[in-house]
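Listing of target-v5.cif; format and content: mmCIF, C-alpha atoms.
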```
data_final
loop_
_atom_site.label_atom_id
_atom_site.label_comp_id
_atom_site.auth_asym_id
_atom_site.auth_seq_id
_atom_site.Cartn_x
_atom_site.Cartn_y
_atom_site.Cartn_z
CA MET A 1 0.00 0.00 0.00
CA ASP A 2 1.28 3.48 -0.85
CA LEU A 3 -0.09 7.00 -1.06
CA ARG A 4 -0.39 6.76 -4.84
CA GLN A 5 -2.83 3.84 -4.54
CA LEU A 6 -4.81 5.69 -1.87
CA ARG A 7 -5.08 8.78 -4.09
CA TYR A 8 -6.34 6.60 -6.93
CA PHE A 9 -8.93 4.98 -4.67
CA ILE A 10 -10.18 8.40 -3.48
CA ALA A 11 -10.50 9.47 -7.13
CA LEU A 12 -12.45 6.31 -7.95
CA THR A 13 -14.98 7.01 -5.18
CA GLU A 14 -15.43 10.57 -6.45
CA TYR A 15 -15.72 9.86 -10.19
CA ARG A 16 -17.43 6.43 -9.85
CA SER A 17 -15.74 5.38 -13.08
CA PHE A 18 -12.39 3.71 -13.71
CA VAL A 19 -12.06 5.57 -17.02
CA ARG A 20 -12.88 9.06 -15.69
CA ALA A 21 -10.83 8.58 -12.52
CA ALA A 22 -7.82 7.40 -14.53
CA GLU A 23 -8.12 10.44 -16.81
CA ALA A 24 -8.32 12.74 -13.80
CA MET A 25 -5.18 11.19 -12.32
CA GLY A 26 -3.34 11.37 -15.62
CA ILE A 27 -2.66 7.66 -16.15
CA THR A 28 -4.02 4.93 -18.42
CA GLN A 29 -7.10 3.03 -17.38
CA PRO A 30 -5.31 -0.38 -17.23
CA ALA A 31 -2.60 1.05 -14.98
CA PHE A 32 -5.25 2.65 -12.79
CA SER A 33 -7.18 -0.63 -12.52
CA ARG A 34 -4.02 -2.53 -11.58
CA ALA A 35 -3.32 -0.02 -8.80
CA ILE A 36 -6.83 -0.48 -7.36
CA GLN A 37 -6.54 -4.27 -7.64
CA GLY A 38 -3.19 -4.11 -5.85
CA LEU A 39 -4.79 -2.14 -3.02
CA GLU A 40 -7.59 -4.70 -2.77
CA GLN A 41 -5.03 -7.52 -2.64
CA THR A 42 -3.25 -5.73 0.19
CA PHE A 43 -6.45 -5.68 2.24
CA GLY A 44 -7.70 -9.03 1.01
CA CYS A 45 -11.17 -7.79 0.03
CA PRO A 46 -12.96 -5.82 -2.71
CA LEU A 47 -13.18 -2.09 -2.02
CA VAL A 48 -15.87 -1.22 -4.59
CA ASP A 49 -18.98 -3.07 -5.68
CA ARG A 50 -18.31 -3.78 -9.36
CA ALA A 51 -21.77 -5.32 -9.78
CA SER A 52 -23.27 -1.84 -9.48
CA LYS A 53 -22.86 0.71 -12.26
CA ALA A 54 -22.29 3.45 -9.66
CA LEU A 55 -19.31 1.52 -8.18
CA PRO A 56 -20.20 2.30 -4.55
CA PRO A 57 -17.56 1.52 -1.92
CA THR A 58 -18.05 -1.72 -0.02
CA PRO A 59 -18.23 -1.51 3.80
CA GLU A 60 -14.51 -2.23 3.86
CA GLY A 61 -14.00 0.37 1.14
CA LEU A 62 -15.72 3.03 3.24
CA VAL A 63 -13.31 2.36 6.10
CA VAL A 64 -10.34 2.51 3.72
CA LEU A 65 -11.70 5.73 2.19
CA GLN A 66 -12.01 7.40 5.58
CA HIS A 67 -8.41 6.62 6.48
CA ALA A 68 -7.11 7.28 2.96
CA ARG A 69 -8.38 10.84 3.01
CA ARG A 70 -6.70 11.50 6.34
CA LEU A 71 -3.43 9.90 5.24
CA VAL A 72 -3.27 11.72 1.90
CA GLN A 73 -4.21 15.03 3.51
CA GLY A 74 -1.72 14.44 6.29
CA ALA A 75 1.07 13.75 3.82
CA ALA A 76 0.24 16.90 1.87
CA GLN A 77 0.07 18.91 5.08
CA LEU A 78 3.42 17.54 6.24
CA SER A 79 5.06 18.55 2.97
CA ASN A 80 3.34 21.93 3.05
CA ASP A 81 4.37 22.68 6.64
CA VAL A 82 8.01 21.80 6.03
CA LEU A 83 8.09 24.00 2.93
CA GLN A 84 6.54 26.89 4.84
CA MET A 85 8.60 26.62 8.03
CA THR A 86 11.21 29.17 7.02
CA LYS A 87 9.59 32.32 5.62
CA LEU A 88 6.38 31.13 4.01
CA ASP A 89 8.19 31.19 0.69
CA ALA A 90 6.75 27.95 -0.73
CA GLY A 91 3.75 25.64 -0.53
CA GLU A 92 0.03 25.93 -1.25
CA LEU A 93 -3.07 27.40 0.35
CA HIS A 94 -6.62 26.30 -0.49
CA PHE A 95 -9.49 28.23 1.09
CA GLY A 96 -13.02 29.36 0.29
CA SER A 97 -15.29 32.38 0.45
CA GLY A 98 -18.97 33.14 0.16
CA PRO A 99 -19.95 35.48 -2.70
CA ALA A 100 -20.57 38.49 -0.42
CA LEU A 101 -17.09 38.51 1.10
CA ALA A 102 -15.48 37.80 -2.28
CA VAL A 103 -16.33 41.36 -3.37
CA ARG A 104 -14.02 43.37 -1.10
CA LEU A 105 -12.55 41.72 1.98
CA VAL A 106 -11.16 38.57 0.36
CA PRO A 107 -9.65 40.30 -2.72
CA GLN A 108 -8.00 42.88 -0.46
CA ALA A 109 -6.63 40.13 1.78
CA LEU A 110 -5.34 38.21 -1.25
CA GLN A 111 -3.55 41.30 -2.54
CA GLN A 112 -1.72 41.73 0.75
CA PHE A 113 -1.04 38.02 1.19
CA ILE A 114 0.44 37.63 -2.31
CA ALA A 115 2.59 40.73 -1.83
CA ARG A 116 3.92 39.38 1.48
CA HIS A 117 4.26 35.72 0.43
CA PRO A 118 4.73 35.55 -3.36
CA GLY A 119 6.04 31.98 -3.18
CA ILE A 120 2.73 30.55 -1.88
CA ARG A 121 0.40 29.18 -4.56
CA THR A 122 -3.13 30.13 -3.55
CA ALA A 123 -6.42 28.60 -4.72
CA LEU A 124 -9.73 30.30 -3.82
CA VAL A 125 -13.13 28.58 -4.06
CA ILE A 126 -16.18 30.90 -4.19
CA ASP A 127 -19.42 29.11 -3.36
CA ASN A 128 -22.36 29.07 -0.96
CA ALA A 129 -21.97 28.11 2.70
CA GLU A 130 -23.40 24.61 2.30
CA ARG A 131 -20.97 23.59 -0.45
CA LEU A 132 -18.06 25.29 1.29
CA GLY A 133 -18.88 23.24 4.39
CA GLN A 134 -18.82 20.08 2.28
CA ALA A 135 -15.45 21.05 0.78
CA LEU A 136 -14.11 21.64 4.28
CA ARG A 137 -15.31 18.23 5.47
CA ARG A 138 -13.61 16.61 2.48
CA GLU A 139 -10.42 18.52 3.33
CA GLN A 140 -10.40 20.19 -0.08
CA ILE A 141 -9.94 23.56 1.63
CA GLU A 142 -8.44 24.51 5.00
CA PHE A 143 -11.01 27.16 5.93
CA PHE A 144 -13.56 29.51 4.44
CA VAL A 145 -15.16 32.87 5.24
CA ASP A 146 -18.94 33.24 5.11
CA ASP A 147 -22.00 33.26 7.37
CA ILE A 148 -20.97 31.25 10.45
CA ARG A 149 -24.44 30.66 11.90
CA PRO A 150 -25.04 27.26 10.22
CA PHE A 151 -21.78 25.96 11.73
CA GLU A 152 -21.66 27.42 15.26
CA ALA A 153 -23.51 24.53 16.92
CA ASP A 154 -21.60 21.80 15.04
CA PRO A 155 -18.68 20.43 17.13
CA ASN A 156 -16.86 19.46 13.94
CA PHE A 157 -16.31 23.12 13.09
CA HIS A 158 -14.48 26.01 14.72
CA THR A 159 -15.81 29.51 14.01
CA GLU A 160 -14.10 32.87 14.46
CA PRO A 161 -16.45 35.83 14.02
CA LEU A 162 -15.73 38.85 11.85
CA THR A 163 -17.76 42.04 11.57
CA PRO A 164 -21.40 41.30 10.59
CA ARG A 165 -22.20 42.38 7.03
CA PRO A 166 -25.41 44.43 6.79
CA GLY A 167 -27.63 43.85 3.81
CA LEU A 168 -29.92 46.21 1.95
CA PHE A 169 -32.68 46.46 -0.63
CA PHE A 170 -32.02 48.39 -3.82
CA CYS A 171 -33.55 49.14 -7.23
CA ARG A 172 -32.73 50.85 -10.52
CA PRO A 173 -32.98 54.62 -10.95
CA GLY A 174 -36.47 55.48 -12.19
CA HIS A 175 -38.13 52.54 -10.42
CA PRO A 176 -41.86 53.21 -9.68
CA LEU A 177 -41.26 52.94 -5.94
CA LEU A 178 -38.96 55.97 -5.97
CA ALA A 179 -41.97 58.19 -6.79
CA LYS A 180 -43.56 57.33 -3.42
CA ASP A 181 -42.90 59.45 -0.32
CA SER A 182 -42.93 56.48 2.05
CA LEU A 183 -42.48 52.78 1.47
CA SER A 184 -44.01 49.92 3.43
CA THR A 185 -43.09 46.24 3.35
CA ASN A 186 -46.29 45.72 1.33
CA ASP A 187 -44.57 47.73 -1.41
CA LEU A 188 -41.53 45.48 -1.11
CA PHE A 189 -43.46 42.33 -1.92
CA ALA A 190 -45.46 43.95 -4.73
CA TYR A 191 -42.44 43.49 -7.02
CA PRO A 192 -40.21 40.54 -7.89
CA LEU A 193 -37.34 40.03 -5.49
CA ALA A 194 -33.88 39.25 -6.88
CA SER A 195 -31.28 38.30 -4.30
CA ALA A 196 -27.82 37.06 -3.71
CA LEU A 197 -27.78 33.60 -2.10
CA LEU A 198 -29.57 33.98 1.22
CA ALA A 199 -28.67 32.29 4.48
CA PRO A 200 -31.53 30.16 5.91
CA GLY A 201 -32.10 32.67 8.71
CA VAL A 202 -32.46 35.54 6.24
CA ARG A 203 -34.91 33.54 4.12
CA LYS A 204 -36.98 32.87 7.23
CA ARG A 205 -37.08 36.56 8.16
CA LEU A 206 -38.22 37.52 4.66
CA ALA A 207 -40.90 34.83 4.77
CA ASN A 208 -42.16 36.23 8.08
CA LEU A 209 -42.29 39.74 6.63
CA SER A 210 -44.17 38.55 3.56
CA GLY A 211 -46.68 36.59 5.63
CA ARG A 212 -46.09 33.55 3.42
CA SER A 213 -44.33 30.51 4.84
CA ASP A 214 -43.54 29.31 1.30
CA PHE A 215 -42.00 32.61 0.20
CA VAL A 216 -38.83 32.41 -1.90
CA PRO A 217 -37.19 35.16 -4.00
CA HIS A 218 -38.00 35.17 -7.71
CA LEU A 219 -34.26 34.96 -8.43
CA GLN A 220 -31.37 33.77 -6.30
CA THR A 221 -27.85 33.83 -7.69
CA GLU A 222 -24.31 33.73 -6.37
CA HIS A 223 -23.17 35.92 -9.27
CA LEU A 224 -23.40 39.61 -8.41
CA ALA A 225 -23.08 40.66 -12.06
CA VAL A 226 -26.23 38.67 -12.93
CA LEU A 227 -28.15 40.14 -10.00
CA ARG A 228 -27.08 43.66 -10.92
CA SER A 229 -28.07 43.23 -14.58
CA VAL A 230 -31.53 41.90 -13.70
CA VAL A 231 -32.26 44.80 -11.32
CA LEU A 232 -31.02 47.42 -13.80
CA ALA A 233 -33.15 45.98 -16.62
CA SER A 234 -36.42 45.41 -14.73
CA ASP A 235 -38.62 46.50 -11.82
CA ALA A 236 -37.20 43.76 -9.62
CA ILE A 237 -35.99 44.78 -6.17
CA GLY A 238 -32.51 43.55 -5.36
CA THR A 239 -30.99 42.38 -2.09
CA ALA A 240 -27.29 41.94 -1.34
CA SER A 241 -24.67 42.88 1.22
CA GLU A 242 -24.06 46.60 1.47
CA GLU A 243 -20.40 46.32 0.48
CA ALA A 244 -21.29 44.25 -2.60
CA VAL A 245 -23.14 47.17 -4.22
CA ALA A 246 -21.42 50.10 -2.50
CA ASP A 247 -19.72 51.34 -5.68
CA ASP A 248 -22.98 51.30 -7.69
CA LEU A 249 -24.80 53.14 -4.90
CA ALA A 250 -22.06 55.76 -4.68
CA VAL A 251 -22.31 56.73 -8.36
CA GLY A 252 -26.09 56.40 -8.60
CA ASN A 253 -26.26 53.28 -10.75
CA LEU A 254 -28.43 51.71 -8.04
CA VAL A 255 -30.65 53.31 -5.37
CA ARG A 256 -31.07 52.09 -1.81
CA LEU A 257 -34.63 51.54 -0.59
CA HIS A 258 -35.88 52.22 2.96
CA TRP A 259 -39.08 50.81 4.47
CA ARG A 260 -40.99 52.76 7.10
CA ASN A 261 -42.44 49.75 8.95
CA LEU A 262 -39.33 47.58 8.94
CA PRO A 263 -38.26 47.34 12.63
CA PRO A 264 -34.99 49.30 13.02
CA ALA A 265 -33.70 46.74 15.52
CA LEU A 266 -34.13 43.92 13.02
CA ASP A 267 -31.52 43.93 10.29
CA VAL A 268 -33.40 41.55 8.02
CA LEU A 269 -30.54 40.92 5.64
CA SER A 270 -27.60 41.02 8.06
CA VAL A 271 -25.12 38.14 7.77
CA ARG A 272 -22.92 37.16 10.72
CA CYS A 273 -19.67 36.55 8.90
CA GLY A 274 -16.59 34.77 10.14
CA VAL A 275 -13.91 32.19 9.52
CA VAL A 276 -14.92 28.50 9.58
CA SER A 277 -12.32 25.74 9.98
CA ARG A 278 -12.29 22.14 11.22
CA SER A 279 -12.19 21.56 14.97
CA GLY A 280 -9.01 19.91 16.21
CA TYR A 281 -7.19 20.46 12.92
CA ARG A 282 -3.92 22.38 12.89
CA LEU A 283 -3.98 24.96 10.15
CA SER A 284 -0.95 25.36 7.92
CA PRO A 285 1.26 28.44 8.43
CA ALA A 286 -0.09 29.86 5.16
CA ALA A 287 -3.71 29.43 6.32
CA ARG A 288 -2.93 31.10 9.64
CA ALA A 289 -1.21 33.98 7.83
CA MET A 290 -4.21 34.47 5.52
CA ILE A 291 -6.65 34.44 8.44
CA GLU A 292 -4.51 37.00 10.26
CA THR A 293 -4.63 39.19 7.15
CA LEU A 294 -8.43 38.86 6.94
CA VAL A 295 -8.81 39.79 10.63
CA GLU A 296 -6.40 42.71 10.20
CA LEU A 297 -8.38 44.14 7.28
CA ASP A 298 -11.69 43.51 9.04
CA ALA A 299 -10.65 45.43 12.17
CA PRO A 300 -11.51 48.93 10.85
CA MET A 301 -14.98 47.71 9.88
CA ARG A 302 -15.48 46.34 13.40
CA VAL A 303 -14.48 49.68 14.92
CA ALA A 304 -16.85 51.52 12.55
CA ALA A 305 -19.69 49.12 13.42
CA ILE A 306 -19.19 49.79 17.14
CA ARG A 307 -19.28 53.54 16.58
#
```

Starting from the file, give its structure as structure tokens.
Amino acid sequence: MDLRQLRYFIALTEYRSFVRAAEAMGITQPAFSRAIQGLEQTFGCPLVDRASKALPPTPEGLVVLQHARRLVQGAAQLSNDVLQMTKLDAGELHFGSGPALAVRLVPQALQQFIARHPGIRTALVIDNAERLGQALRREQIEFFVDDIRPFEADPNFHTEPLTPRPGLFFCRPGHPLLAKDSLSTNDLFAYPLASALLAPGVRKRLANLSGRSDFVPHLQTEHLAVLRSVVLASDAIGTASEEAVADDLAVGNLVRLHWRNLPPALDVLSVRCGVVSRSGYRLSPAARAMIETLVELDAPMRVAAIR
């Protein structure tokens, strides 16, 4: 048994095809099959059910898969840590971000990190919190920044809060609502709602405001450019984090909407952002340096929020 065989077996469980897994690993299918057979001979049992087209792992295969992921990740982490022990001048960093924080905070942190540590190869995954959590469980990333509320009660995760990101409602210039002197939440739900991906808590608050338990936005997208285009070309009302549309608001491309009967104490769209990592897992020096950079850049926002 060696790490190469374990990597091949992990690939097989992900692609559920000897051909596709072999292509992904950059070897021929016969060589890939021989490696898997060799691993099965080492353990003395089949690791995948070849009678099923989906090639699911056998019970023994599931045990091997669990340990294989830890061993392969551990070997990569060992190599990464040794490379980074001097001056963080080599190695890799894989982390994730939700769409809202990928607009300002994360790009600013990346700029500083790359300037300070140009030898580190960095890979950023932008996705929603659910998929980022899955990537973290699979050890595809070391940490991510997004809404921490879905992960705070889970002992498998460690959360470090950042400054909450307030959200807002906005529309295009010339929208019919802008002709009214005062807006109520009834006006809000009289038009289609186009939103960035909403955390479950935010969706629940909007449903309560609408009076409909089955309420969902007409459009949800993780792509800010799509959301912006839809709002500019229609009477849809948009929702996003304040920093995501700050530039458009500043130059008048978009207009912020205020509602007279929305409780001031309830920030309907606020997202409690933070850093999410795995409990009991030692982050690489590069990951710790990136998190320190994120916290450093977030500090002025925290001071402003307190004021």

For the structure provided, state which residues fall under the PyMOL selection byres ((chain A and resi 242-257) around 7), and present them as a ChimeraX atom specification.
/A:100,103,166-173,240-241,258-259

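Relative to CA of Ser213 (chain A), CA of Ala225 (chain A) is found at 29.0 Å.
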
Starting from the PyMOL selection byres ((chain A and resi 282) around 12), expand the selection into actual residues of this file and give them as a list in words.
Gln73, Gly74, Gln77, Leu78, Asp81, Glu142, Phe143, His158, Ser277, Arg278, Ser279, Gly280, Tyr281, Leu283, Ser284, Pro285, Ala286, Ala287 and Arg288 of chain A

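Rounded to one decimal, CA of Asp154 (chain A) and CA of Ile126 (chain A) lie 22.0 Å from each other.
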
What is the distance, in Å and to one decimal place, between CA of Gln140 (chain A) and CA of Ser33 (chain A)?
24.5 Å

Pull out every residue that the PyMOL selection byres ((chain A and resi 61) around 12) matches in the shown coordinates and put them as a compact mmCIF listing (two decimals) with C-alpha atoms, in the coordinates of the input.
```
# COMPACT_ATOMS: atom_id res chain seq x y z
CA LEU A 6 -4.81 5.69 -1.87
CA PHE A 9 -8.93 4.98 -4.67
CA ILE A 10 -10.18 8.40 -3.48
CA LEU A 12 -12.45 6.31 -7.95
CA THR A 13 -14.98 7.01 -5.18
CA ILE A 36 -6.83 -0.48 -7.36
CA LEU A 39 -4.79 -2.14 -3.02
CA GLU A 40 -7.59 -4.70 -2.77
CA PHE A 43 -6.45 -5.68 2.24
CA GLY A 44 -7.70 -9.03 1.01
CA CYS A 45 -11.17 -7.79 0.03
CA PRO A 46 -12.96 -5.82 -2.71
CA LEU A 47 -13.18 -2.09 -2.02
CA VAL A 48 -15.87 -1.22 -4.59
CA ASP A 49 -18.98 -3.07 -5.68
CA LEU A 55 -19.31 1.52 -8.18
CA PRO A 56 -20.20 2.30 -4.55
CA PRO A 57 -17.56 1.52 -1.92
CA THR A 58 -18.05 -1.72 -0.02
CA PRO A 59 -18.23 -1.51 3.80
CA GLU A 60 -14.51 -2.23 3.86
CA LEU A 62 -15.72 3.03 3.24
CA VAL A 63 -13.31 2.36 6.10
CA VAL A 64 -10.34 2.51 3.72
CA LEU A 65 -11.70 5.73 2.19
CA GLN A 66 -12.01 7.40 5.58
CA HIS A 67 -8.41 6.62 6.48
CA ALA A 68 -7.11 7.28 2.96
```
